[in-house]
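S.K.: My structure file data19.txt, compact mmCIF, C-alpha atoms, is below:
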```
# COMPACT_ATOMS: atom_id res chain seq x y z
CA MET A 1 75.47 99.62 107.96
CA GLN A 2 78.23 98.55 110.32
CA LYS A 3 81.22 97.34 108.28
CA LYS A 4 82.53 94.02 109.57
CA ILE A 5 85.49 91.69 109.06
CA PHE A 6 85.75 88.10 110.25
CA ILE A 7 89.09 86.25 110.17
CA THR A 8 89.56 82.76 111.53
CA LYS A 9 91.79 79.76 111.27
CA ILE A 10 90.03 76.62 110.12
CA LYS A 11 90.51 74.14 112.92
CA ASN A 12 88.55 71.02 112.07
CA ASN A 13 85.37 72.21 110.41
CA LEU A 14 85.39 74.36 107.26
CA SER A 15 81.61 74.66 107.23
CA GLU A 16 81.62 75.98 110.79
CA ALA A 17 84.27 78.58 109.92
CA ILE A 18 82.28 79.87 106.94
CA PHE A 19 79.02 79.83 108.90
CA ASN A 20 80.56 81.75 111.81
CA GLY A 21 81.89 84.33 109.36
CA LEU A 22 78.49 84.75 107.75
CA GLU A 23 76.86 85.00 111.16
CA TRP A 24 79.38 87.69 112.16
CA ILE A 25 78.30 89.90 109.26
CA ASP A 26 74.62 89.11 109.94
CA TYR A 27 74.13 87.44 106.57
CA LYS A 28 70.45 86.70 107.04
CA ASN A 29 69.72 90.42 107.07
CA LEU A 30 71.79 90.83 103.90
CA ILE A 31 69.92 88.04 102.12
CA PRO A 32 66.14 88.40 102.11
CA LYS A 33 64.21 85.14 101.89
CA ASN A 34 64.12 83.64 98.38
CA SER A 35 66.70 86.09 97.03
CA ARG A 36 68.36 85.50 93.69
CA ILE A 37 71.93 84.80 94.80
CA VAL A 38 74.87 84.89 92.40
CA ILE A 39 78.28 83.59 93.51
CA LYS A 40 81.42 84.51 91.57
CA PRO A 41 84.33 82.24 92.53
CA ASN A 42 87.89 82.83 91.40
CA PHE A 43 88.58 80.36 88.59
CA THR A 44 91.89 81.46 87.10
CA TYR A 45 92.35 77.93 85.80
CA PRO A 46 89.87 75.30 84.52
CA ALA A 47 90.68 72.86 87.34
CA TYR A 48 91.38 73.21 91.05
CA LYS A 49 94.93 74.22 91.92
CA GLN A 50 95.97 75.04 95.48
CA GLY A 51 96.47 78.77 95.94
CA VAL A 52 95.32 79.47 92.38
CA THR A 53 91.58 78.79 92.41
CA VAL A 54 88.89 78.59 95.06
CA CYS A 55 88.67 75.21 96.78
CA PRO A 56 85.64 73.15 95.66
CA GLU A 57 84.89 72.29 99.29
CA THR A 58 84.64 76.00 100.14
CA ILE A 59 82.10 76.42 97.34
CA GLU A 60 80.06 73.42 98.47
CA LYS A 61 79.97 74.49 102.12
CA THR A 62 78.96 78.02 101.14
CA VAL A 63 76.15 76.78 98.91
CA SER A 64 74.98 74.40 101.63
CA ILE A 65 74.62 77.24 104.14
CA LEU A 66 72.91 79.59 101.70
CA SER A 67 70.48 76.95 100.43
CA SER A 68 68.52 77.27 103.67
CA LEU A 69 67.54 80.81 102.61
CA THR A 70 66.76 80.37 98.93
CA ASN A 71 66.55 77.81 96.15
CA ASP A 72 67.77 80.36 93.58
CA ILE A 73 71.57 80.15 93.65
CA THR A 74 73.72 80.66 90.56
CA ILE A 75 77.47 80.23 90.22
CA VAL A 76 78.97 82.26 87.40
CA GLU A 77 82.24 82.58 85.52
CA SER A 78 83.35 83.84 82.11
CA ASN A 79 85.49 81.97 79.62
CA GLY A 80 89.21 82.32 80.18
CA GLY A 81 90.92 85.26 78.53
CA ARG A 82 91.42 84.75 74.79
CA ASN A 83 89.17 81.66 75.09
CA ALA A 84 91.95 79.73 76.82
CA TRP A 85 89.23 77.59 78.40
CA GLN A 86 85.45 77.51 78.64
CA ALA A 87 83.62 78.34 81.86
CA GLU A 88 81.93 74.94 81.62
CA GLU A 89 85.37 73.32 81.89
CA ALA A 90 86.03 75.25 85.09
CA PHE A 91 82.66 74.24 86.53
CA GLU A 92 83.44 70.59 85.88
CA GLY A 93 87.09 70.91 86.92
CA HIS A 94 86.05 72.30 90.30
CA GLY A 95 83.51 69.58 91.01
CA LEU A 96 80.45 71.78 90.60
CA LEU A 97 78.35 69.28 88.66
CA PRO A 98 77.64 67.11 91.74
CA ILE A 99 76.96 70.30 93.73
CA GLN A 100 74.52 71.39 91.03
CA LYS A 101 72.74 68.06 91.24
CA GLN A 102 72.62 68.02 95.04
CA TYR A 103 71.43 71.60 95.63
CA GLY A 104 69.71 72.45 92.36
CA ILE A 105 71.95 75.44 91.67
CA LYS A 106 72.54 76.96 88.24
CA LEU A 107 75.92 77.19 86.52
CA VAL A 108 76.09 80.09 84.08
CA ASN A 109 78.77 80.98 81.55
CA LEU A 110 78.76 84.79 81.54
CA THR A 111 80.38 84.87 78.10
CA LYS A 112 77.12 83.48 76.70
CA CYS A 113 74.88 85.96 78.54
CA GLU A 114 73.12 88.99 77.11
CA THR A 115 74.99 92.18 78.02
CA LYS A 116 74.33 95.86 78.48
CA PRO A 117 76.85 98.73 78.43
CA MET A 118 78.49 99.96 81.62
CA ASN A 119 79.66 103.52 81.13
CA PHE A 120 82.26 105.03 83.44
CA LYS A 121 85.04 107.57 83.68
CA ALA A 122 88.63 106.38 83.32
CA GLY A 123 90.23 109.50 84.70
CA LYS A 124 88.86 112.20 82.40
CA THR A 125 88.02 109.78 79.59
CA ASP A 126 84.58 108.30 78.97
CA TYR A 127 84.73 104.53 78.59
CA CYS A 128 82.33 101.65 78.14
CA ILE A 129 82.59 97.94 78.96
CA PRO A 130 79.70 95.46 78.52
CA LEU A 131 78.51 93.54 81.58
CA PRO A 132 76.00 90.68 81.79
CA LYS A 133 72.40 91.74 82.36
CA LEU A 134 72.18 88.80 84.74
CA LEU A 135 74.49 90.60 87.17
CA LEU A 136 73.07 94.07 86.68
CA ASP A 137 69.32 93.42 86.56
CA GLU A 138 68.60 89.86 87.67
CA THR A 139 70.61 89.47 90.88
CA ASP A 140 69.50 90.36 94.41
CA VAL A 141 72.63 89.31 96.29
CA PHE A 142 76.07 89.08 94.68
CA ILE A 143 78.65 87.10 96.64
CA ASN A 144 82.31 87.51 95.79
CA LEU A 145 84.14 84.25 96.57
CA CYS A 146 87.78 85.09 96.00
CA ILE A 147 91.21 83.77 96.87
CA PRO A 148 93.76 86.30 98.20
CA LYS A 149 97.07 85.86 96.40
CA ILE A 150 100.01 87.56 94.74
CA HIS A 151 99.49 88.78 91.18
CA CYS A 152 102.36 89.61 88.83
CA MET A 153 100.49 92.45 87.09
CA THR A 154 98.51 94.10 89.89
CA GLY A 155 100.67 93.17 92.89
CA ILE A 156 97.92 91.27 94.66
CA THR A 157 94.47 90.02 93.72
CA LEU A 158 91.66 90.10 96.25
CA SER A 159 87.91 90.59 95.90
CA LEU A 160 88.04 93.60 93.55
CA LYS A 161 90.33 91.90 91.05
CA ASN A 162 88.10 88.81 91.09
CA LEU A 163 85.35 90.94 89.53
CA TRP A 164 87.38 91.17 86.31
CA GLY A 165 86.02 87.72 85.51
CA CYS A 166 82.55 89.28 85.35
CA VAL A 167 83.54 90.93 82.06
CA PRO A 168 82.23 88.39 79.54
CA ASP A 169 84.42 89.56 76.66
CA VAL A 170 87.20 86.99 76.14
CA ASN A 171 89.33 89.86 74.83
CA ARG A 172 88.94 91.82 78.07
CA LEU A 173 92.72 92.10 78.18
CA PHE A 174 92.36 94.96 75.67
CA HIS A 175 90.73 96.94 78.49
CA HIS A 176 93.72 96.51 80.80
CA HIS A 177 94.93 100.07 80.26
CA VAL A 178 91.81 101.31 82.11
CA PHE A 179 91.74 98.44 84.59
CA ASN A 180 92.17 100.57 87.72
CA TYR A 181 89.03 102.58 86.99
CA ALA A 182 87.12 99.76 85.31
CA ILE A 183 87.36 97.41 88.27
CA CYS A 184 85.98 100.10 90.57
CA ALA A 185 83.13 100.80 88.15
CA ILE A 186 82.31 97.08 87.97
CA ASN A 187 82.21 96.92 91.76
CA ASN A 188 79.88 99.91 91.94
CA ALA A 189 77.62 98.44 89.26
CA ILE A 190 77.37 94.93 90.71
CA LYS A 191 77.44 95.94 94.40
CA PRO A 192 78.68 92.77 96.14
CA LYS A 193 76.95 92.30 99.50
CA ILE A 194 79.13 89.52 100.86
CA ILE A 195 82.81 88.77 100.35
CA ILE A 196 84.28 85.40 101.29
CA GLY A 197 88.03 84.97 101.09
CA ASP A 198 89.10 81.35 100.65
CA ALA A 199 92.56 81.51 102.21
CA MET A 200 92.96 77.80 102.78
CA TYR A 201 95.89 78.14 100.38
CA MET A 202 97.33 81.42 99.14
CA LEU A 203 99.86 82.06 96.38
CA ASN A 204 103.18 83.70 97.25
CA ARG A 205 106.12 85.04 95.22
CA ASN A 206 104.22 85.16 91.93
CA GLY A 207 100.73 84.72 90.55
CA PRO A 208 97.97 84.47 89.60
CA MET A 209 98.97 80.98 88.43
CA TYR A 210 102.64 80.21 88.94
CA GLY A 211 103.64 81.16 92.48
CA ASP A 212 104.20 79.10 95.61
CA PRO A 213 101.06 77.75 97.32
CA VAL A 214 101.15 78.44 101.06
CA LYS A 215 98.80 76.57 103.38
CA MET A 216 97.06 79.23 105.50
CA ASN A 217 93.89 77.39 106.64
CA THR A 218 92.08 80.71 106.95
CA ILE A 219 88.64 82.06 106.06
CA ILE A 220 88.01 85.81 105.74
CA VAL A 221 84.46 87.16 105.50
CA SER A 222 83.19 90.73 105.16
CA ASN A 223 80.12 92.73 104.24
CA ASP A 224 82.23 95.50 102.69
CA VAL A 225 84.57 95.24 99.71
CA GLY A 226 86.89 98.08 100.72
CA SER A 227 87.31 96.83 104.28
CA PHE A 228 88.06 93.35 102.95
CA GLU A 229 90.76 94.71 100.63
CA LEU A 230 92.42 96.69 103.41
CA ALA A 231 92.25 93.82 105.91
CA CYS A 232 93.80 91.43 103.38
CA CYS A 233 96.59 93.90 102.67
CA ASP A 234 97.37 93.89 106.40
CA PHE A 235 97.09 90.10 106.49
CA MET A 236 99.58 89.81 103.61
CA SER A 237 101.88 92.61 104.89
CA THR A 238 101.24 94.53 101.67
CA ASN A 239 101.39 98.31 101.40
CA LEU A 240 98.05 99.25 99.84
CA ASN A 241 99.55 102.46 98.46
CA LYS A 242 101.76 100.35 96.19
CA ILE A 243 98.75 98.58 94.64
CA THR A 244 97.52 100.95 91.94
CA HIS A 245 93.95 99.73 91.58
CA LEU A 246 93.48 99.82 95.36
CA LYS A 247 94.86 103.37 95.49
CA THR A 248 92.28 104.27 92.84
CA ALA A 249 89.58 102.48 94.84
CA ARG A 250 90.54 104.47 97.93
CA LYS A 251 90.48 107.70 95.93
CA LEU A 252 86.97 106.83 94.72
CA GLY A 253 85.77 106.09 98.25
CA ILE A 254 85.59 102.30 98.02
CA VAL A 255 88.53 101.51 100.32
CA PRO A 256 88.63 103.22 103.75
CA GLU A 257 91.71 104.97 105.11
CA ASN A 258 91.86 102.55 108.03
CA LEU A 259 89.86 99.91 109.86
CA ASN A 260 89.01 102.08 112.86
CA GLU A 261 85.30 102.06 112.03
CA VAL A 262 85.25 98.38 111.08
CA LYS A 263 84.13 95.75 113.57
CA LEU A 264 86.56 92.80 113.70
CA ASN A 265 86.11 89.48 115.46
CA ILE A 266 89.76 89.56 116.56
CA THR A 267 91.81 92.21 118.34
CA GLU A 268 94.59 92.29 115.76
CA ILE A 269 94.95 91.07 112.18
CA PRO A 270 97.80 88.52 111.96
CA LYS A 271 100.66 89.57 109.68
CA ASN A 272 102.05 87.13 107.12
CA LYS A 273 104.96 87.79 104.79
CA PHE A 274 103.86 87.75 101.15
CA TYR A 275 105.97 89.22 98.37
CA LEU A 276 106.12 89.54 94.59
CA LYS A 277 109.12 88.58 92.49
CA ARG A 278 108.43 89.26 88.82
CA THR A 279 110.04 87.21 86.08
CA LEU A 280 111.49 88.74 82.91
CA ARG A 281 108.34 87.76 81.06
CA ASN A 282 106.22 89.42 83.76
CA TRP A 283 108.06 92.70 83.26
CA ILE A 284 107.60 92.55 79.49
CA VAL A 285 103.90 91.75 79.75
CA LEU A 286 103.48 94.49 82.36
CA THR A 287 104.32 97.11 79.72
CA ALA A 288 101.44 95.78 77.63
CA PHE A 289 99.13 95.71 80.65
CA ASN A 290 99.59 99.43 81.22
CA SER A 291 99.65 100.63 77.60
CA ARG A 292 96.79 100.43 75.11
CA ILE A 293 99.12 100.63 72.10
CA ILE A 294 101.63 98.06 73.33
CA ASN A 295 98.75 95.82 74.39
CA TRP A 296 97.34 95.79 70.85
CA LEU A 297 100.80 95.17 69.41
CA PHE A 298 101.45 92.33 71.82
CA TYR A 299 98.07 90.60 71.64
CA GLY A 300 96.73 91.81 68.28
CA PRO A 301 95.97 89.43 65.42
CA SER A 302 99.05 90.12 63.28
CA ILE A 303 102.48 91.06 64.62
CA GLY A 304 101.25 90.41 68.15
CA LYS A 305 101.06 86.66 67.58
CA ILE A 306 104.64 86.60 66.30
CA LEU A 307 105.95 88.58 69.28
CA HIS A 308 103.93 86.48 71.69
CA ASP A 309 105.15 83.17 70.24
CA ILE A 310 108.77 84.35 70.38
CA LEU A 311 108.39 85.37 74.01
CA TYR A 312 106.86 82.03 74.93
CA PHE A 313 109.53 80.11 73.03
CA PHE A 314 112.21 81.55 75.31
CA ASN A 315 110.24 81.74 78.54
CA LYS A 316 107.31 79.36 78.80
CA PRO A 317 106.44 77.83 82.18
CA ASP A 318 106.99 74.07 82.13
CA HIS A 319 103.64 73.42 83.77
CA LEU A 320 101.55 75.58 81.44
CA LYS A 321 98.69 73.30 80.40
CA VAL A 322 96.40 75.82 78.76
CA LYS A 323 97.31 78.58 76.37
CA ASP A 324 98.11 82.00 77.80
CA THR A 325 95.05 84.01 78.82
CA GLY A 326 96.76 87.38 78.63
CA GLU A 327 95.69 87.98 82.23
CA GLY A 328 99.25 88.11 83.48
CA ALA A 329 100.21 84.50 84.07
```
Can you turn what I pasted into structure tokens?
M.R.:
Amino acid sequence: MQKKIFITKIKNNLSEAIFNGLEWIDYKNLIPKNSRIVIKPNFTYPAYKQGVTVCPETIEKTVSILSSLTNDITIVESNGGRNAWQAEEAFEGHGLLPIQKQYGIKLVNLTKCETKPMNFKAGKTDYCIPLPKLLLDETDVFINLCIPKIHCMTGITLSLKNLWGCVPDVNRLFHHHVFNYAICAINNAIKPKIIIGDAMYMLNRNGPMYGDPVKMNTIIVSNDVGSFELACCDFMSTNLNKITHLKTARKLGIVPENLNEVKLNITEIPKNKFYLKRTLRNWIVLTAFNSRIINWLFYGPSIGKILHDILYFFNKPDHLKVKDTGEGA
């Protein structure tokens, strides 16, 4: 299969931009008639926030285009980390209920789904994380609808990182110490066929929730996860070798060395200056992100709550409206 990338500025018509991107990757050949389509948007927050979550209009336009091929479309999300919010809140907060009524789509909370074990190697260690059977056994076409942005724990978050929300366990933060390998295993298990990057707004300086929204008016579409990751790194002027999970993905053969064999709709990927500036709290939480022991101390049921409350007392974002998810806010 020819790997393809489509990058375009949205001029006047968002639907046209998405459709042209899907046409570029020959989406009708990727989606057999009457396929069971599952779309996983990036809902880091239970309501739409520019640069933080996928724009509701992007979701609606995508569903509208796909509905001509099948009447079996499902949008999925898990509950927020540590049950900070319910997936149903995010569905409502992103205007999906009218979309459900108009197109007859399904909205599924992955946290409530039956699971089966996904076994993988984290380096030399055998590991297991449960994934929904819906995604593993009952999906024909998985579409990753992500938002490229800065992330204070992983550097950036693109399509691979968006798959972390497919882990239904609300305590998935306790798997952070194997994140680099786990996210690659999830990708290989789910096998996304289409990636749509909603870059209408992107988050700069910090993230995934508290950076600076930058209006980019851009749509990025690909039929290959690794090519999408590399193209977005170029788009954001980010050195992929400094993003640990992407280095792991390249080592495992998911991300290509370059885009020489990838067909682009433009001659050169535009470069935009994105950067990460971690706060003191980010640095402290980062130690927990990378260490299983510190993670349990920080987020565990006993001393962890005390340490966590102290940290938030001295450094809590003014605009925090839901409790911390442990995902690196």
S.K.: What is the distance, in Å and to one decimal place, between CA of Ile219 (chain A) and CA of Met236 (chain A)?
M.R.: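 One can read the CA of Ile219 (chain A) to CA of Met236 (chain A) distance as 13.6 Å.
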S.K.: Using only C-alpha atoms, which of the listed residues (A:Thr139, A:Gly226, A:Lys49, A:Gln100) sits closest to Leu259 (chain A)?
M.R.: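 The shortest atom-to-atom distance to Leu259 (chain A) comes from A:Gly226.
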S.K.: Got a sec: who's within 9 Å of region 180-194 of chain A, counting all atoms listed in the file, leaving out chain neighbours fewer than 4 positions off, as a VMD selection string?
M.R.: chain A and resid 22 25 27 30 to 31 118 to 123 127 to 129 131 135 to 136 139 141 to 145 160 to 161 163 to 164 166 to 167 175 to 176 221 to 225 244 to 249 252 254
S.K.: Give the answer as one residue: which of A:Ile39, A:Ile269, A:Leu240, A:Val170 has the shortest atom-to-atom distance to Cys146 (chain A), using only C-alpha atoms?
M.R.: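 Closest candidate: A:Ile39.
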S.K.: My list of candidates is A:Asn265, A:Arg205, A:Tyr45, A:Glu114. Which is closest to Glu23 (chain A) when distances are computed with only C-alpha atoms?
M.R.: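 When distances to Glu23 (chain A) are compared using only C-alpha atoms, the smallest one comes from A:Asn265.
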S.K.: In the coordinate frame of the file, compute which residues have an atom within 10 Å of (73.5, 84.6, 76.6) when using all atoms listed in the file, and state them as a ChimeraX atom specification.
M.R.: /A:108-115,132-134,168
S.K.: Provide the CA of Thr157 (chain A) to CA of Asn171 (chain A) distance in Å, to one decimal place.
M.R.: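 We find that CA of Thr157 (chain A) and CA of Asn171 (chain A) lie 19.6 Å from each other.
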S.K.: Considering all atoms listed in the file, can you say which of A:Gln50, A:Asn83, A:Asn206, A:Ser64 comes closest to Thr154 (chain A)?
M.R.: A:Asn206
S.K.: Taking all atoms of region 127-139 of chain A that the file lists and extending 5 Å past them on each side, where is the centre of the axis-aligned box and how long are its edges? Answer in Å to one decimal, as AutoDock Vina command-line options.
M.R.:
```
--center_x 76.7 --center_y 96.7 --center_z 84.5 --size_x 26.1 --size_y 25.7 --size_z 22.7
```
S.K.: Compare A:Asn272, A:Lys263, A:Glu229, A:Val285 by their minimum atom-to-atom distance to Gln2 (chain A), counting only C-alpha atoms, and give me the closest one.
M.R.: A:Lys263
S.K.: For Pro56 (chain A), which residue out of A:Leu96, A:Gly80, A:Glu88, A:Leu297 is the nearest one, using only C-alpha atoms?
M.R.: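 Under the stated criterion, the closest residue is A:Leu96.
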S.K.: Compile a residue-level contact table for region 46-65 of chain A against region 92-95 of chain A at a cut-off of 8 Å, reporting for every qualifying residue the shortest atom pair and its distance in Å to one decimal, with only C-alpha atoms counted, rows ordered by chain and ascending number, as a Markdown table.
M.R.:
```
| residue | atom | partner | partner_atom | distance |
| --- | --- | --- | --- | --- |
| A:Pro46 | CA | A:Gly93 | CA | 5.7 |
| A:Ala47 | CA | A:Gly93 | CA | 4.1 |
| A:Tyr48 | CA | A:His94 | CA | 5.5 |
| A:Cys55 | CA | A:His94 | CA | 7.6 |
| A:Pro56 | CA | A:His94 | CA | 5.4 |
```
S.K.: Name the residues within 6 Å of (85.5, 82.7, 111.8), counting only C-alpha atoms in the file's coordinates, and put them as a tab-separated table (two decimals) with C-alpha atoms, in the frame of the given file.
M.R.:
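Result written to point_37.tsv:
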```tsv
chain	number	residue	atom	x	y	z
A	6	PHE	CA	85.75	88.10	110.25
A	7	ILE	CA	89.09	86.25	110.17
A	8	THR	CA	89.56	82.76	111.53
A	17	ALA	CA	84.27	78.58	109.92
A	20	ASN	CA	80.56	81.75	111.81
A	21	GLY	CA	81.89	84.33	109.36
```
S.K.: One decimal, Å: what's the distance from CA of Tyr299 (chain A) over to CA of Pro41 (chain A), could you say?
M.R.: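 For CA of Tyr299 (chain A) relative to CA of Pro41 (chain A), the distance reads 26.4 Å.
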S.K.: Do a neighbour search on Leu14 (chain A) at 10 Å with only C-alpha atoms, toss out local chain neighbours closer than 6 positions, and write the hits as a PyMOL selection string.
M.R.: chain A and resi 20+57-58+61-62+200+217-219
